[in-house]
$ cat final_5.txt   # compact mmCIF, C-alpha atoms
# COMPACT_ATOMS: atom_id res chain seq x y z
CA MET A 1 -33.81 46.67 30.50
CA THR A 2 -35.44 45.05 33.47
CA SER A 3 -36.36 47.28 36.31
CA GLN A 4 -34.79 46.41 39.62
CA THR A 5 -35.88 47.25 43.08
CA ILE A 6 -33.62 49.62 44.93
CA LEU A 7 -32.48 48.34 48.29
CA SER A 8 -32.36 50.71 51.21
CA GLY A 9 -30.14 50.03 54.16
CA ILE A 10 -29.35 51.80 57.38
CA ILE A 11 -26.10 53.54 58.18
CA VAL A 12 -24.15 51.83 60.93
CA ASP A 13 -23.11 54.86 62.99
CA ASP A 14 -22.91 55.50 66.69
CA SER A 15 -26.66 55.59 67.01
CA THR A 16 -26.59 51.93 65.87
CA GLU A 17 -25.96 49.52 68.71
CA PHE A 18 -25.00 45.87 68.69
CA THR A 19 -25.57 43.37 71.46
CA LEU A 20 -22.79 40.88 72.12
CA GLY A 21 -24.66 38.25 70.11
CA GLU A 22 -25.23 40.56 67.13
CA LEU A 23 -21.62 41.68 67.05
CA SER A 24 -20.46 38.08 67.27
CA ARG A 25 -22.65 37.07 64.33
CA THR A 26 -21.72 40.09 62.24
CA CYS A 27 -17.98 39.55 62.54
CA GLY A 28 -18.32 35.76 62.47
CA MET A 29 -16.40 35.20 65.69
CA PRO A 30 -17.42 33.60 69.00
CA ALA A 31 -18.55 35.71 71.94
CA GLU A 32 -15.54 34.52 74.01
CA TRP A 33 -13.24 36.20 71.52
CA LEU A 34 -15.18 39.46 71.86
CA LEU A 35 -14.93 39.20 75.66
CA ALA A 36 -11.17 39.02 75.27
CA LEU A 37 -11.29 42.16 73.09
CA VAL A 38 -13.25 43.97 75.78
CA GLU A 39 -10.64 42.91 78.35
CA GLU A 40 -7.90 44.16 76.07
CA GLY A 41 -9.72 47.50 75.85
CA VAL A 42 -10.18 47.33 72.06
CA ILE A 43 -13.93 47.85 72.37
CA GLU A 44 -15.87 49.31 75.26
CA PRO A 45 -19.41 48.18 75.91
CA ALA A 46 -22.08 50.09 77.78
CA GLY A 47 -24.20 48.09 80.19
CA ALA A 48 -23.74 46.19 83.42
CA ASP A 49 -23.03 42.60 82.37
CA PRO A 50 -22.39 40.78 79.06
CA ALA A 51 -26.05 39.85 78.67
CA ARG A 52 -26.98 43.53 78.64
CA TRP A 53 -23.94 44.89 76.86
CA HIS A 54 -24.31 47.32 73.98
CA PHE A 55 -21.58 48.23 71.55
CA GLN A 56 -21.57 51.39 69.44
CA GLY A 57 -21.53 51.08 65.67
CA HIS A 58 -17.86 52.06 65.28
CA CYS A 59 -16.85 48.93 67.24
CA LEU A 60 -17.70 46.77 64.23
CA ARG A 61 -14.91 48.30 62.14
CA ARG A 62 -12.31 47.88 64.92
CA VAL A 63 -13.35 44.30 65.58
CA ARG A 64 -13.06 43.39 61.91
CA ILE A 65 -9.62 44.95 61.56
CA VAL A 66 -8.35 43.09 64.65
CA ARG A 67 -9.75 39.83 63.32
CA HIS A 68 -8.10 40.33 59.92
CA LEU A 69 -4.76 41.19 61.51
CA GLN A 70 -4.96 38.07 63.66
CA THR A 71 -5.96 35.60 60.99
CA ASP A 72 -3.99 37.04 58.08
CA LEU A 73 -0.77 38.07 59.80
CA GLY A 74 -0.78 35.71 62.77
CA LEU A 75 -0.71 38.49 65.39
CA ASN A 76 -1.81 37.74 68.91
CA LEU A 77 -4.54 39.85 70.47
CA ALA A 78 -2.26 42.33 72.22
CA GLY A 79 -0.22 42.77 69.04
CA ALA A 80 -3.33 43.28 66.91
CA ALA A 81 -4.71 45.78 69.44
CA LEU A 82 -1.44 47.72 69.33
CA ALA A 83 -1.36 47.63 65.52
CA LEU A 84 -4.95 48.89 65.41
CA GLU A 85 -4.09 51.86 67.62
CA LEU A 86 -1.02 52.66 65.55
CA LEU A 87 -3.02 52.36 62.34
CA GLU A 88 -5.58 54.82 63.66
CA GLU A 89 -2.80 57.19 64.65
CA VAL A 90 -1.20 56.91 61.20
CA GLU A 91 -4.58 57.60 59.63
CA ALA A 92 -5.05 60.74 61.77
CA LEU A 93 -1.53 61.94 60.91
CA ARG A 94 -2.12 61.33 57.20
CA GLN A 95 -5.25 63.46 57.40
CA ARG A 96 -3.27 66.28 59.03
CA ILE A 97 -0.53 66.06 56.43
CA ALA A 98 -3.10 66.21 53.63
CA LEU A 99 -4.54 69.31 55.28
CA LEU A 100 -1.17 71.01 55.61
CA GLU A 101 -0.11 70.13 52.09
CA GLU A 102 -3.19 71.62 50.49
CA MET B 1 -7.80 30.19 31.89
CA GLU B 2 -4.44 31.78 32.48
CA TYR B 3 -1.47 30.14 34.08
CA ARG B 4 -0.40 31.71 37.37
CA ASP B 5 3.23 31.74 38.36
CA TYR B 6 3.05 31.44 42.13
CA TYR B 7 6.81 31.70 42.54
CA GLN B 8 6.91 34.93 40.58
CA ILE B 9 4.04 36.37 42.62
CA MET B 10 5.97 35.73 45.81
CA GLY B 11 9.31 36.81 44.32
CA LEU B 12 10.84 33.37 44.93
CA LYS B 13 12.99 30.96 42.99
CA ARG B 14 11.46 27.62 42.20
CA ASP B 15 13.82 25.86 44.56
CA ALA B 16 12.94 28.06 47.56
CA SER B 17 12.83 26.23 50.89
CA GLN B 18 9.62 26.01 52.91
CA ASP B 19 11.18 28.46 55.38
CA GLU B 20 11.90 30.95 52.61
CA ILE B 21 8.32 30.63 51.38
CA LYS B 22 7.00 31.32 54.85
CA ARG B 23 9.25 34.34 55.31
CA ALA B 24 8.33 35.76 51.90
CA TYR B 25 4.65 35.32 52.69
CA ARG B 26 4.88 37.03 56.07
CA LYS B 27 6.68 39.98 54.55
CA LEU B 28 4.30 40.37 51.60
CA ALA B 29 1.21 39.85 53.78
CA ARG B 30 2.27 42.72 56.03
CA LYS B 31 3.10 44.89 53.04
CA TYR B 32 -0.17 44.36 51.19
CA HIS B 33 -2.62 43.75 54.00
CA PRO B 34 -5.69 45.82 53.01
CA ASP B 35 -6.10 47.18 56.54
CA VAL B 36 -2.48 48.27 56.69
CA SER B 37 -1.37 49.13 53.18
CA LYS B 38 -2.21 52.33 51.34
CA GLU B 39 -1.26 50.97 47.92
CA SER B 40 -4.19 51.19 45.55
CA ASP B 41 -3.94 47.54 44.47
CA ALA B 42 -3.26 46.20 47.96
CA GLU B 43 -6.36 44.05 48.19
CA GLU B 44 -5.74 42.38 44.85
CA ARG B 45 -2.06 41.77 45.61
CA PHE B 46 -2.90 40.43 49.06
CA LYS B 47 -5.31 37.90 47.58
CA GLU B 48 -2.77 36.87 44.95
CA VAL B 49 -0.08 36.34 47.57
CA GLY B 50 -2.53 34.43 49.79
CA GLU B 51 -3.41 32.13 46.93
CA ALA B 52 0.24 31.53 46.05
CA TYR B 53 1.03 30.76 49.68
CA GLU B 54 -1.94 28.44 49.98
CA VAL B 55 -0.34 26.25 47.31
CA LEU B 56 3.36 26.65 48.08
CA LYS B 57 3.11 26.19 51.87
CA ASP B 58 1.52 22.78 51.45
CA PRO B 59 4.19 20.30 50.27
CA GLU B 60 1.59 18.14 48.53
CA LYS B 61 -0.01 20.98 46.60
CA ARG B 62 3.39 22.46 45.85
CA ALA B 63 4.66 19.16 44.47
CA ALA B 64 1.59 18.85 42.25
CA TYR B 65 1.97 22.44 41.08
CA ASP B 66 5.68 21.93 40.34
CA HIS B 67 4.72 18.79 38.44
CA LEU B 68 2.91 20.99 35.88
CA GLY B 69 6.37 22.06 34.81
CA ALA B 70 8.32 25.27 34.70
CA ASN B 71 7.68 25.98 31.05
CA TYR B 72 4.51 27.99 31.45
CA ARG B 73 4.65 31.78 31.59
CA ALA B 74 2.41 33.84 33.85
CA GLY B 75 -0.74 34.82 31.96
CA GLN B 76 -0.25 32.13 29.34
CA GLU B 77 -3.36 30.23 28.25
CA PHE B 78 -3.51 27.09 30.34
CA HIS B 79 -5.46 23.84 30.46
CA PRO B 80 -4.53 21.28 33.07
CA PRO B 81 -3.20 18.13 31.40
CA PRO B 82 -5.42 15.11 31.95
CA ASP B 83 -4.61 13.25 35.15
CA TRP B 84 -2.13 15.94 36.08
CA ASP B 85 -2.85 15.31 39.73
CA SER B 86 -2.78 11.52 39.72
CA GLY B 87 -0.65 10.31 42.53
CA PHE B 88 -1.25 13.40 44.62
CA GLU B 89 -3.59 13.59 47.48
CA PHE B 90 -4.65 16.90 48.92
CA ARG B 91 -5.56 16.71 52.51
CA GLY B 92 -6.23 20.37 52.45
CA GLY B 93 -4.44 22.88 54.57
CA GLY B 94 -7.69 24.66 55.16
CA PHE B 95 -8.53 28.11 53.94
CA THR B 96 -7.72 31.31 55.67
CA ASP B 97 -10.87 33.20 56.29
CA ALA B 98 -9.80 36.18 54.21
CA ALA B 99 -9.11 34.14 51.14
CA GLY B 100 -12.00 31.67 51.23
CA GLY B 101 -13.77 31.67 47.91
CA GLY B 102 -11.69 34.53 46.55
CA PHE B 103 -9.15 32.50 44.60
CA SER B 104 -8.55 32.58 40.87
CA ASP B 105 -10.09 30.22 38.32
CA PHE B 106 -6.64 28.76 37.91
CA PHE B 107 -6.53 27.77 41.58
CA GLU B 108 -10.11 26.54 41.61
CA GLU B 109 -9.52 24.34 38.59
CA LEU B 110 -6.42 22.73 40.12
CA PHE B 111 -7.21 22.55 43.79
CA GLY B 112 -10.77 23.74 44.24
CA ARG B 113 -12.57 20.42 44.22
CA GLN B 114 -10.29 18.70 46.68
CA ALA B 115 -9.80 21.60 49.00
CA HIS B 116 -13.42 22.59 49.32
CA GLY B 117 -15.03 19.19 49.05
CA ALA B 118 -13.64 18.10 52.37
CA HIS B 119 -15.24 21.04 54.07
CA GLY B 120 -18.62 20.53 52.41
CA PHE B 121 -21.69 20.96 54.52
CA ARG B 122 -20.35 21.14 57.98
CA SER B 123 -22.96 23.49 59.37
CA ARG B 124 -26.08 22.07 60.91
CA PHE B 125 -29.23 22.66 58.98
CA ASP B 126 -31.51 25.60 59.62
CA ALA B 127 -28.57 27.85 60.22
CA ARG B 128 -28.76 31.58 59.74
CA GLY B 129 -26.76 32.74 56.73
CA GLN B 130 -23.44 34.45 57.29
CA ASP B 131 -23.17 38.20 57.22
CA HIS B 132 -21.28 39.43 54.22
CA HIS B 133 -19.01 42.47 53.95
CA ALA B 134 -17.97 44.42 50.87
CA LYS B 135 -16.28 47.73 50.10
CA VAL B 136 -17.94 50.18 47.77
CA VAL B 137 -16.52 53.33 46.20
CA VAL B 138 -18.96 56.19 45.54
CA ASP B 139 -18.69 59.84 44.57
CA LEU B 140 -18.73 62.54 47.20
CA GLU B 141 -21.74 64.03 45.44
CA ASP B 142 -23.67 60.82 46.16
CA SER B 143 -23.50 61.63 49.86
CA PHE B 144 -24.72 65.13 49.13
CA HIS B 145 -27.77 64.30 47.15
CA GLY B 146 -28.34 60.65 47.97
CA ALA B 147 -28.19 58.28 45.00
CA ALA B 148 -29.04 54.84 43.76
CA ARG B 149 -25.93 52.97 42.72
CA SER B 150 -25.60 49.64 41.02
CA ILE B 151 -23.07 47.49 42.84
CA SER B 152 -21.47 44.29 41.61
CA LEU B 153 -20.41 41.74 44.17
CA GLN B 154 -18.54 38.47 43.85
CA VAL B 155 -20.32 36.02 46.09
CA PRO B 156 -18.89 32.62 47.02
CA SER B 157 -21.51 29.91 47.08
CA LEU B 158 -21.63 26.13 47.16
CA ASP B 159 -22.93 24.27 44.13
CA ALA B 160 -24.75 20.94 44.20
CA GLN B 161 -21.50 19.02 44.68
CA GLY B 162 -20.47 21.19 47.58
CA ARG B 163 -17.84 22.98 45.49
CA MET B 164 -17.13 26.61 46.14
CA GLN B 165 -17.83 28.86 43.19
CA LEU B 166 -17.95 32.58 42.66
CA THR B 167 -21.09 34.09 41.29
CA SER B 168 -21.52 37.70 40.35
CA ARG B 169 -24.45 39.52 41.81
CA THR B 170 -25.67 43.01 41.04
CA LEU B 171 -27.59 45.05 43.55
CA ASN B 172 -29.18 48.46 43.26
CA VAL B 173 -28.47 50.15 46.53
CA LYS B 174 -29.59 53.48 47.86
CA ILE B 175 -26.64 55.55 49.09
CA PRO B 176 -28.12 57.50 52.00
CA ARG B 177 -27.65 61.26 52.12
CA GLY B 178 -24.94 62.34 54.53
CA ILE B 179 -23.00 59.08 54.54
CA ARG B 180 -19.37 59.52 55.51
CA GLU B 181 -16.10 57.90 54.49
CA GLY B 182 -15.62 54.53 56.21
CA GLN B 183 -19.21 54.17 57.37
CA MET B 184 -21.09 50.98 56.75
CA ILE B 185 -24.57 50.45 55.36
CA ARG B 186 -26.43 47.42 56.66
CA LEU B 187 -28.77 45.69 54.24
CA ALA B 188 -30.86 43.23 56.21
CA GLY B 189 -31.23 39.78 54.69
CA GLN B 190 -28.87 40.44 51.74
CA GLY B 191 -25.93 38.39 53.07
CA MET B 192 -25.37 34.70 52.52
CA PRO B 193 -28.55 32.67 52.26
CA GLY B 194 -29.47 30.64 55.32
CA MET B 195 -29.49 26.85 55.41
CA GLY B 196 -32.85 25.15 55.57
CA GLN B 197 -35.28 27.39 57.41
CA GLY B 198 -32.57 29.77 58.56
CA ALA B 199 -32.87 33.45 57.69
CA GLY B 200 -30.38 35.09 55.33
CA GLY B 201 -27.46 37.00 56.79
CA ASP B 202 -27.01 40.74 56.44
CA LEU B 203 -24.87 42.54 53.90
CA TYR B 204 -22.58 45.30 55.11
CA LEU B 205 -21.26 47.81 52.58
CA GLU B 206 -18.28 49.87 53.67
CA ILE B 207 -18.38 53.22 51.91
CA HIS B 208 -15.34 54.96 50.47
CA PHE B 209 -15.23 58.15 48.43
CA ARG B 210 -13.53 58.39 45.08
CA PRO B 211 -10.90 61.16 45.31
CA HIS B 212 -12.49 64.48 44.33
CA PRO B 213 -10.66 67.18 42.34
CA PHE B 214 -11.51 69.98 44.84
CA TYR B 215 -12.90 68.56 48.05
CA ARG B 216 -11.45 66.30 50.68
CA ALA B 217 -13.80 64.84 53.26
CA GLU B 218 -12.91 64.50 56.91
CA GLY B 219 -15.84 63.15 58.83
CA ARG B 220 -18.75 65.46 58.03
CA ASP B 221 -16.48 68.37 57.12
CA LEU B 222 -15.11 69.14 53.71
CA HIS B 223 -11.83 70.91 52.98
CA MET B 224 -10.86 72.73 49.84
CA GLN B 225 -8.21 75.07 48.61
CA LEU B 226 -9.36 78.27 46.91
CA PRO B 227 -7.07 80.26 44.60
CA VAL B 228 -7.42 84.05 45.02
CA THR B 229 -5.62 87.05 43.51
CA PRO B 230 -3.23 89.15 45.65
CA TRP B 231 -5.68 92.08 45.57
CA GLU B 232 -8.67 89.97 46.56
CA ALA B 233 -6.68 88.75 49.57
CA ALA B 234 -5.22 92.15 50.44
CA LEU B 235 -8.27 94.36 49.94
CA GLY B 236 -11.01 91.87 50.62
CA ASP B 237 -13.69 90.96 48.09
CA THR B 238 -16.63 88.72 47.45
CA VAL B 239 -15.85 85.75 45.20
CA THR B 240 -17.88 82.85 43.85
CA VAL B 241 -17.00 79.45 45.30
CA PRO B 242 -18.15 76.04 44.08
CA THR B 243 -19.71 73.80 46.72
CA PRO B 244 -21.12 70.33 46.06
CA ASP B 245 -24.51 71.94 46.64
CA GLY B 246 -24.02 74.72 44.08
CA LYS B 247 -22.21 78.05 43.84
CA VAL B 248 -22.10 80.39 46.82
CA ASP B 249 -20.65 83.87 47.36
CA LEU B 250 -17.81 83.99 49.84
CA LYS B 251 -16.63 87.17 51.50
CA ILE B 252 -12.86 87.35 51.76
CA PRO B 253 -11.80 89.64 54.60
CA PRO B 254 -9.20 92.36 53.89
CA GLY B 255 -5.66 91.43 54.92
CA SER B 256 -6.04 87.72 54.12
CA SER B 257 -3.05 85.77 52.89
CA SER B 258 -2.09 82.32 51.62
CA GLY B 259 -3.08 79.75 54.23
CA SER B 260 -5.88 81.87 55.73
CA LYS B 261 -8.79 79.63 56.61
CA LEU B 262 -12.45 80.45 56.19
CA ARG B 263 -15.39 78.33 57.22
CA LEU B 264 -18.72 78.00 55.49
CA LYS B 265 -20.95 76.67 58.21
CA GLY B 266 -23.28 73.86 57.26
CA ARG B 267 -21.84 73.51 53.73
CA GLY B 268 -20.15 70.18 54.47
CA LEU B 269 -21.83 66.80 54.19
CA PRO B 270 -25.52 66.94 55.04
CA GLY B 271 -26.75 65.63 58.39
CA LYS B 272 -27.89 66.72 61.78
CA PRO B 273 -25.89 68.78 62.25
CA ALA B 274 -24.47 69.23 58.76
CA GLY B 275 -20.70 69.45 58.40
CA ASP B 276 -18.80 72.60 57.50
CA LEU B 277 -16.80 73.51 54.43
CA TYR B 278 -13.31 74.74 55.30
CA ILE B 279 -11.63 76.88 52.70
CA THR B 280 -7.90 77.52 52.70
CA LEU B 281 -6.88 80.51 50.59
CA SER B 282 -4.01 80.23 48.20
CA VAL B 283 -2.81 83.52 46.77
CA VAL B 284 -1.85 83.21 43.13
CA ALA B 285 0.18 85.99 41.51
CA PRO B 286 -0.69 86.75 37.88
CA PRO B 287 1.99 85.87 35.32
CA ALA B 288 4.13 88.76 34.07
CA ASN B 289 3.84 87.74 30.47
CA THR B 290 2.65 91.02 28.91
CA GLU B 291 4.09 94.53 28.96
CA PRO B 292 1.17 96.00 31.00
CA ALA B 293 1.59 93.18 33.57
CA ARG B 294 5.32 93.86 33.85
CA ALA B 295 4.61 97.60 34.19
CA ALA B 296 2.14 96.89 36.99
CA TYR B 297 4.73 94.74 38.84
CA ARG B 298 7.35 97.51 38.42
CA GLU B 299 4.86 100.00 39.79
CA LEU B 300 4.23 97.78 42.81
CA ALA B 301 7.95 97.38 43.38
CA SER B 302 8.53 101.13 43.30
CA GLN B 303 5.58 101.88 45.59
CA LEU B 304 6.03 99.20 48.26
CA ALA B 305 8.99 98.67 50.50
CA PHE B 306 8.16 95.01 51.01
CA ASN B 307 10.68 92.42 52.09
CA PRO B 308 9.10 88.96 52.55
CA ARG B 309 12.46 87.73 53.92
CA ALA B 310 12.66 90.25 56.73
CA GLY B 311 12.07 87.50 59.28
CA MET B 312 15.14 85.66 57.98
CA GLY B 313 17.50 88.48 58.89
CA VAL B 314 18.42 89.28 55.28
$ encode --input "final_5.txt" --output "structure tokens"
Amino acid sequence: MTSQTILSGIIVDDSTEFTLGELSRTCGMPAEWLLALVEEGVIEPAGADPARWHFQGHCLRRVRIVRHLQTDLGLNLAGAALALELLEEVEALRQRIALLEE
Amino acid sequence: MEYRDYYQIMGLKRDASQDEIKRAYRKLARKYHPDVSKESDAEERFKEVGEAYEVLKDPEKRAAYDHLGANYRAGQEFHPPPDWDSGFEFRGGGFTDAAGGGFSDFFEELFGRQAHGAHGFRSRFDARGQDHHAKVVVDLEDSFHGAARSISLQVPSLDAQGRMQLTSRTLNVKIPRGIREGQMIRLAGQGMPGMGQGAGGDLYLEIHFRPHPFYRAEGRDLHMQLPVTPWEAALGDTVTVPTPDGKVDLKIPPGSSSGSKLRLKGRGLPGKPAGDLYITLSVVAPPANTEPARAAYRELASQLAFNPRAGMGV
């Protein structure tokens, strides 16, 4: 068997930050689209203006879900944002149910 | 190669109207969308439905597909007849982003060349490679101890003719200690290769835990249910409890009952700070399947005036 190198990555958590450009590249969507998400309140940047914005690691997951909902189901931004919030609520409720059913 | 029955996948008759196809797709896409659905095979079904819709929504592709005939059965061995597509021209409806490159061999053989060829090399040269995302399922114990896991990925790539093809790629990846459900690992430079001088994209692995027989993870904390005897709960005792990090002794306070919660601080997933292990007691009565056991129950009954239904007014 050939030996393979083991790749080490970093965990994307809330100590990981993305600039607008990095987030745009990582989710494969233009910066204008991310600006619209900020306006919709889906993601909240820290920093004074877009050039200095920083997004916490958990934003990546939300952004990807919104993008999938938009492209796959044809939702508009407000609809996708609402669906995302409801999905997160359902997830939290499922966790509680699992806890109570134990 | 196996024949795929796109009408069957979408639950449609072969004479379905374009409107019916669209409606069926919308309904199935919502049902099986991997971000929405909790069904275990959601992702696979979603891809299947997307592929079927890709063909059936496009009147030209649909006509060519119908032209193959209705005599094939799903899963049947299939080779496209020579010149099966003569007289059809695929202008390509374009690929949805989710489905790009993820279609079956059957689809690729029939429509792959035409559909992808048109899109060919659109990017300018010296472009940075795209970031790639994949989901990975690991054991809870991997987060406890850290582990190296071999991960197989299907990667779409363009061959010399600009055709999309799927290649399988195996990576050995270190699962960092303390990783939590839903977190992503970023592997720099392991995404899609760049064009020309462009750097490779990054690979993001989204981590999910395989369901564990005892533990359920919630963030850094773990939850488990611990069976105890009525006397351990009533009188208090010290019992041995399994944790992913090894056995520990747990003190059960007197007067505990089913549903009582205990917390083992720092026994959850490792990290700074480490999570906690929450233990919910579940009192299990011994079976009365021997004469001594029945005698013990009768003794209890005669000694205790206990009515668990007192609160119900009976």
$ closest_atom_pairs --input "final_5.txt" --of "chain B" --to "chain A" --cutoff "6 Å" --atoms "only C-alpha atoms" --output "CSV"
residue,atom,partner,partner_atom,distance
B:Asp131,CA,A:Thr26,CA,5.6
B:Asn172,CA,A:Ile6,CA,4.9
B:Val173,CA,A:Leu7,CA,4.7
B:Lys174,CA,A:Ser8,CA,5.2
B:Met184,CA,A:Val12,CA,5.2
B:Ile185,CA,A:Ile11,CA,4.5
B:Arg186,CA,A:Gly9,CA,5.2
B:Leu187,CA,A:Gly9,CA,4.6
$ closest_residue --input "final_5.txt" --among "A:Glu17, A:Glu91, A:Ser24, A:Cys59" --to "Lys38 (chain B)" --atoms "all atoms listed in the file"
A:Glu91
$ closest_residue --input "final_5.txt" --among "B:Ser258, B:Glu232, B:Gly275, B:His133" --to "Gly178 (chain B)" --atoms "only C-alpha atoms"
B:Gly275
$ axis_aligned_box --input "final_5.txt" --around "region 174-193 of chain B" --padding-each-side "3 Å" --output "AutoDock Vina command-line options"
--center_x -23.4 --center_y 47.5 --center_z 52.6 --size_x 21.6 --size_y 35.7 --size_z 15.5
$ atom_distance --input "final_5.txt" --atom1 "CA of Phe103 (chain B)" --atom2 "CA of Val55 (chain B)"
11.1 Å
$ build_atoms --input "final_5.txt" --residues "region 279-302 of chain B" --atoms "N, CA and C atoms" --output "PDB file, in the frame of the given file"
ATOM      1  N   ILE B 279     -12.282  76.396  53.904  1.00  0.00           N
ATOM      2  CA  ILE B 279     -11.630  76.880  52.700  1.00  0.00           C
ATOM      3  C   ILE B 279     -10.283  77.479  53.071  1.00  0.00           C
ATOM      4  N   THR B 280      -9.236  76.981  52.463  1.00  0.00           N
ATOM      5  CA  THR B 280      -7.900  77.520  52.700  1.00  0.00           C
ATOM      6  C   THR B 280      -7.528  78.358  51.477  1.00  0.00           C
ATOM      7  N   LEU B 281      -7.200  79.630  51.716  1.00  0.00           N
ATOM      8  CA  LEU B 281      -6.880  80.510  50.590  1.00  0.00           C
ATOM      9  C   LEU B 281      -5.469  80.244  50.095  1.00  0.00           C
ATOM     10  N   SER B 282      -5.323  80.359  48.795  1.00  0.00           N
ATOM     11  CA  SER B 282      -4.010  80.230  48.200  1.00  0.00           C
ATOM     12  C   SER B 282      -3.859  81.398  47.233  1.00  0.00           C
ATOM     13  N   VAL B 283      -2.961  82.312  47.586  1.00  0.00           N
ATOM     14  CA  VAL B 283      -2.810  83.520  46.770  1.00  0.00           C
ATOM     15  C   VAL B 283      -1.979  83.185  45.538  1.00  0.00           C
ATOM     16  N   VAL B 284      -2.536  83.495  44.386  1.00  0.00           N
ATOM     17  CA  VAL B 284      -1.850  83.210  43.130  1.00  0.00           C
ATOM     18  C   VAL B 284      -1.512  84.537  42.452  1.00  0.00           C
ATOM     19  N   ALA B 285      -0.224  84.761  42.184  1.00  0.00           N
ATOM     20  CA  ALA B 285       0.180  85.990  41.510  1.00  0.00           C
ATOM     21  C   ALA B 285      -0.004  85.831  40.009  1.00  0.00           C
ATOM     22  N   PRO B 286      -0.499  86.870  39.338  1.00  0.00           N
ATOM     23  CA  PRO B 286      -0.690  86.750  37.880  1.00  0.00           C
ATOM     24  C   PRO B 286       0.663  86.668  37.186  1.00  0.00           C
ATOM     25  N   PRO B 287       0.717  85.968  36.057  1.00  0.00           N
ATOM     26  CA  PRO B 287       1.990  85.870  35.320  1.00  0.00           C
ATOM     27  C   PRO B 287       2.370  87.228  34.738  1.00  0.00           C
ATOM     28  N   ALA B 288       3.657  87.502  34.652  1.00  0.00           N
ATOM     29  CA  ALA B 288       4.130  88.760  34.070  1.00  0.00           C
ATOM     30  C   ALA B 288       4.517  88.506  32.624  1.00  0.00           C
ATOM     31  N   ASN B 289       3.525  88.145  31.836  1.00  0.00           N
ATOM     32  CA  ASN B 289       3.840  87.740  30.470  1.00  0.00           C
ATOM     33  C   ASN B 289       3.401  88.754  29.408  1.00  0.00           C
ATOM     34  N   THR B 290       2.973  89.959  29.864  1.00  0.00           N
ATOM     35  CA  THR B 290       2.650  91.020  28.910  1.00  0.00           C
ATOM     36  C   THR B 290       3.312  92.307  29.409  1.00  0.00           C
ATOM     37  N   GLU B 291       3.451  93.271  28.545  1.00  0.00           N
ATOM     38  CA  GLU B 291       4.090  94.530  28.960  1.00  0.00           C
ATOM     39  C   GLU B 291       3.279  95.247  30.044  1.00  0.00           C
ATOM     40  N   PRO B 292       1.928  95.347  29.913  1.00  0.00           N
ATOM     41  CA  PRO B 292       1.170  96.000  31.000  1.00  0.00           C
ATOM     42  C   PRO B 292       1.356  95.274  32.341  1.00  0.00           C
ATOM     43  N   ALA B 293       1.419  93.928  32.327  1.00  0.00           N
ATOM     44  CA  ALA B 293       1.590  93.180  33.570  1.00  0.00           C
ATOM     45  C   ALA B 293       2.948  93.505  34.177  1.00  0.00           C
ATOM     46  N   ARG B 294       3.986  93.534  33.331  1.00  0.00           N
ATOM     47  CA  ARG B 294       5.320  93.860  33.850  1.00  0.00           C
ATOM     48  C   ARG B 294       5.354  95.272  34.403  1.00  0.00           C
ATOM     49  N   ALA B 295       4.664  96.208  33.710  1.00  0.00           N
ATOM     50  CA  ALA B 295       4.610  97.600  34.190  1.00  0.00           C
ATOM     51  C   ALA B 295       3.929  97.665  35.548  1.00  0.00           C
ATOM     52  N   ALA B 296       2.869  96.885  35.720  1.00  0.00           N
ATOM     53  CA  ALA B 296       2.140  96.890  36.990  1.00  0.00           C
ATOM     54  C   ALA B 296       3.035  96.362  38.108  1.00  0.00           C
ATOM     55  N   TYR B 297       3.803  95.267  37.832  1.00  0.00           N
ATOM     56  CA  TYR B 297       4.730  94.740  38.840  1.00  0.00           C
ATOM     57  C   TYR B 297       5.803  95.778  39.193  1.00  0.00           C
ATOM     58  N   ARG B 298       6.313  96.494  38.145  1.00  0.00           N
ATOM     59  CA  ARG B 298       7.350  97.510  38.420  1.00  0.00           C
ATOM     60  C   ARG B 298       6.782  98.633  39.278  1.00  0.00           C
ATOM     61  N   GLU B 299       5.536  98.980  39.012  1.00  0.00           N
ATOM     62  CA  GLU B 299       4.860 100.000  39.790  1.00  0.00           C
ATOM     63  C   GLU B 299       4.738  99.591  41.253  1.00  0.00           C
ATOM     64  N   LEU B 300       4.330  98.323  41.458  1.00  0.00           N
ATOM     65  CA  LEU B 300       4.230  97.780  42.810  1.00  0.00           C
ATOM     66  C   LEU B 300       5.583  97.842  43.518  1.00  0.00           C
ATOM     67  N   ALA B 301       6.610  97.432  42.788  1.00  0.00           N
ATOM     68  CA  ALA B 301       7.950  97.380  43.380  1.00  0.00           C
ATOM     69  C   ALA B 301       8.414  98.757  43.806  1.00  0.00           C
ATOM     70  N   SER B 302       8.061  99.778  42.970  1.00  0.00           N
ATOM     71  CA  SER B 302       8.530 101.130  43.300  1.00  0.00           C
ATOM     72  C   SER B 302       7.713 101.734  44.436  1.00  0.00           C
TER      73      SER B 302
END
